Amino acid sequence: YISQHEWVEVGENDGVVGITERIQLEYGNIIFIELPSGDEYEQDEPLGRVEVTDGNTFPIYAPATGEIKEINTTLEEDPDLINHSPEGDGWICRISIESPRELDVLMDADAYIDYEEEELDNEYMDEEDFYDEDEAYDYINLPQKPSATLPASNRFPILLLRYKGSLCH
């Protein structure tokens with residue numbers, strides 16, 4: 001695995017490349033895949049990209065230097081395959097491995113899991129930091145009209161938070 005969330009399943013002199021399930025879930029529904037168009041790529045060089053439903057695009061990086069040996073052209077006809085099986089049938093390409101030493105900097109599955117957990121921890125504020133920024137919140141309490149269709153136990157006040165101008169609920 002590489003830190004940009006691509007994986008490579010290494011064979012004798014080549015490897016199958018794809019994106020991780022974690023990053024597919026983070027990106028959301030992938031609707032288009034630009035597959036590799038060049039013959040050879042350097043390690044960490046973008047070799048393609050994915051586009052998601054909101055129009056954002058994200059690069060796919062080469063986990064090792066090598067020549068493209070095979071492209072999963074099924075993805076051109078069925079890009080949804082990568083949404084259902086990013087670490088299986090949704091693989092991107094097969095690449096020759098020119099320098100096996102480059103593989104030494106890649107993460108194995110356990111190291112990648114640790115990396116994901118650390119990255120997720122860094123994405124969320126610590127409780128202490130959250131409360132330090134409390135003054136950035138405006139609390140908006142909306143009055144609720146009683147609803148004859150809901151039992152009293154299901155009537156809850158709506159609490160909205162405005163964080164630096166953006167509404168949250």
# chains A, B, ... in the order shown; residues from 1 in each chain; ligands from 1
call {"tool": "select_by_dssp", "arguments": {"residues": "segment 10-113 of chain A", "states": "alpha helix (DSSP H)", "output": "list in words"}}
result
Glu21, Arg22, Ile23, Gln24, Leu25, Glu26, Tyr27, Thr74, Leu75, Glu76, Glu77, Leu81, Ile82, Asn83, His84, Ala109, Asp110, Ala111, Tyr112 and Ile113 of chain A
call {"tool": "closest_residue", "arguments": {"among": "A:Arg22, A:Gly88, A:Ser96, A:Val10", "to": "Glu117 of chain A", "atoms": "only C-alpha atoms"}}
result
A:Arg22
call {"tool": "residues_around", "arguments": {"residues": "His5 of chain A", "least_positions_apart": "4", "cutoff": "10 Å", "atoms": "only C-alpha atoms", "output": "VMD selection string"}}
result
chain A and resid 1 18 to 24 60 to 61 63 112 116
call {"tool": "atom_distance", "arguments": {"atom1": "atom CA of Pro100 of chain A", "atom2": "atom CA of Leu81 of chain A"}}
result
29.5 Å
call {"tool": "atom_distance", "arguments": {"atom1": "atom CA of Asp54 of chain A", "atom2": "atom CA of Pro79 of chain A"}}
result
15.5 Å
call {"tool": "select_by_dssp", "arguments": {"residues": "segment 27-106 of chain A", "states": "strand (DSSP E or B)", "output": "ChimeraX atom specification"}}
result
/A:30-34,40-41,46-52,57-61,66-71,93-96
call {"tool": "residues_around", "arguments": {"residues": "Pro36 of chain A", "least_positions_apart": "5", "cutoff": "10 Å", "atoms": "only C-alpha atoms", "output": "list in words"}}
result
Tyr41, Pro46, Leu47, Gly48, Arg49, Ile60, Ala62, Ile68, Glu70, Ile71, Asn72, Ile92 and Cys93 of chain A
call {"tool": "residues_around", "arguments": {"residues": "Glu40 of chain A", "least_positions_apart": "5", "cutoff": "8 Å", "atoms": "only C-alpha atoms", "output": "number ranges by chain"}}
result
A: 65-68
call {"tool": "atom_distance", "arguments": {"atom1": "atom CA of Val8 of chain A", "atom2": "atom CA of Glu77 of chain A"}}
result
22.8 Å
call {"tool": "closest_residue", "arguments": {"among": "A:Ala109, A:Ala64, A:Leu103, A:Ile82", "to": "Gly28 of chain A", "atoms": "only C-alpha atoms"}}
result
A:Ile82
call {"tool": "decode", "arguments": {"residues": "segment 56-93 of chain A", "atoms": "N, CA and C atoms", "output": "compact mmCIF listing (two decimals), in the first residue's frame"}}
result
# COMPACT_ATOMS: atom_id res chain seq x y z
N ASN A 56 -15.65 16.16 -8.61
CA ASN A 56 -14.24 16.18 -8.20
C ASN A 56 -13.49 15.03 -8.86
N THR A 57 -12.22 15.27 -9.13
CA THR A 57 -11.36 14.22 -9.67
C THR A 57 -10.19 14.01 -8.73
N PHE A 58 -9.71 12.76 -8.69
CA PHE A 58 -8.61 12.39 -7.82
C PHE A 58 -7.63 11.53 -8.60
N PRO A 59 -6.33 11.81 -8.45
CA PRO A 59 -5.34 11.02 -9.19
C PRO A 59 -5.16 9.61 -8.62
N ILE A 60 -4.71 8.72 -9.48
CA ILE A 60 -4.32 7.37 -9.09
C ILE A 60 -2.81 7.32 -9.29
N TYR A 61 -2.07 6.95 -8.27
CA TYR A 61 -0.60 6.99 -8.32
C TYR A 61 0.01 5.61 -8.55
N ALA A 62 1.13 5.62 -9.26
CA ALA A 62 1.88 4.38 -9.48
C ALA A 62 2.63 4.01 -8.20
N PRO A 63 2.43 2.82 -7.69
CA PRO A 63 3.12 2.41 -6.46
C PRO A 63 4.59 2.04 -6.69
N ALA A 64 4.97 1.86 -7.96
CA ALA A 64 6.35 1.51 -8.30
C ALA A 64 6.62 1.94 -9.73
N THR A 65 7.88 2.11 -10.06
CA THR A 65 8.28 2.44 -11.43
C THR A 65 8.14 1.20 -12.29
N GLY A 66 7.54 1.39 -13.46
CA GLY A 66 7.43 0.25 -14.36
C GLY A 66 6.61 0.56 -15.60
N GLU A 67 6.54 -0.43 -16.44
CA GLU A 67 5.81 -0.34 -17.71
C GLU A 67 4.44 -0.98 -17.54
N ILE A 68 3.44 -0.35 -18.12
CA ILE A 68 2.08 -0.89 -18.07
C ILE A 68 2.04 -2.13 -18.96
N LYS A 69 1.64 -3.24 -18.37
CA LYS A 69 1.55 -4.51 -19.11
C LYS A 69 0.12 -4.85 -19.50
N GLU A 70 -0.84 -4.40 -18.68
CA GLU A 70 -2.24 -4.72 -18.94
C GLU A 70 -3.10 -3.66 -18.25
N ILE A 71 -4.20 -3.32 -18.89
CA ILE A 71 -5.16 -2.36 -18.34
C ILE A 71 -6.50 -3.07 -18.20
N ASN A 72 -7.17 -2.82 -17.10
CA ASN A 72 -8.49 -3.41 -16.86
C ASN A 72 -9.53 -2.61 -17.65
N THR A 73 -9.66 -2.92 -18.93
CA THR A 73 -10.56 -2.18 -19.82
C THR A 73 -12.04 -2.39 -19.46
N THR A 74 -12.34 -3.38 -18.66
CA THR A 74 -13.71 -3.58 -18.19
C THR A 74 -14.21 -2.33 -17.46
N LEU A 75 -13.30 -1.59 -16.84
CA LEU A 75 -13.67 -0.38 -16.11
C LEU A 75 -14.19 0.72 -17.03
N GLU A 76 -13.76 0.72 -18.29
CA GLU A 76 -14.27 1.71 -19.25
C GLU A 76 -15.76 1.50 -19.49
N GLU A 77 -16.16 0.25 -19.59
CA GLU A 77 -17.55 -0.09 -19.84
C GLU A 77 -18.39 -0.08 -18.56
N ASP A 78 -17.75 -0.42 -17.45
CA ASP A 78 -18.47 -0.54 -16.18
C ASP A 78 -17.65 0.07 -15.04
N PRO A 79 -17.59 1.44 -14.98
CA PRO A 79 -16.80 2.06 -13.91
C PRO A 79 -17.34 1.76 -12.51
N ASP A 80 -18.61 1.36 -12.43
CA ASP A 80 -19.20 1.04 -11.13
C ASP A 80 -18.52 -0.17 -10.48
N LEU A 81 -17.82 -0.95 -11.27
CA LEU A 81 -17.10 -2.11 -10.75
C LEU A 81 -16.10 -1.70 -9.67
N ILE A 82 -15.49 -0.54 -9.84
CA ILE A 82 -14.52 -0.08 -8.84
C ILE A 82 -15.20 0.31 -7.54
N ASN A 83 -16.49 0.68 -7.60
CA ASN A 83 -17.23 1.01 -6.38
C ASN A 83 -17.56 -0.23 -5.57
N HIS A 84 -17.77 -1.33 -6.25
CA HIS A 84 -18.17 -2.57 -5.57
C HIS A 84 -16.99 -3.47 -5.21
N SER A 85 -15.89 -3.33 -5.96
CA SER A 85 -14.76 -4.22 -5.72
C SER A 85 -13.43 -3.53 -6.01
N PRO A 86 -13.10 -2.44 -5.26
CA PRO A 86 -11.86 -1.71 -5.55
C PRO A 86 -10.59 -2.52 -5.31
N GLU A 87 -10.67 -3.51 -4.44
CA GLU A 87 -9.48 -4.32 -4.16
C GLU A 87 -9.63 -5.72 -4.75
N GLY A 88 -10.47 -5.83 -5.76
CA GLY A 88 -10.70 -7.12 -6.44
C GLY A 88 -10.85 -6.88 -7.92
N ASP A 89 -12.06 -7.14 -8.44
CA ASP A 89 -12.31 -7.00 -9.87
C ASP A 89 -12.17 -5.57 -10.38
N GLY A 90 -12.15 -4.59 -9.49
CA GLY A 90 -12.00 -3.19 -9.88
C GLY A 90 -10.55 -2.73 -9.96
N TRP A 91 -9.62 -3.66 -10.12
CA TRP A 91 -8.20 -3.30 -10.25
C TRP A 91 -8.02 -2.40 -11.48
N ILE A 92 -6.95 -1.59 -11.48
CA ILE A 92 -6.72 -0.60 -12.53
C ILE A 92 -5.83 -1.14 -13.65
N CYS A 93 -4.64 -1.64 -13.27
CA CYS A 93 -3.69 -2.09 -14.29
C CYS A 93 -2.68 -3.07 -13.70
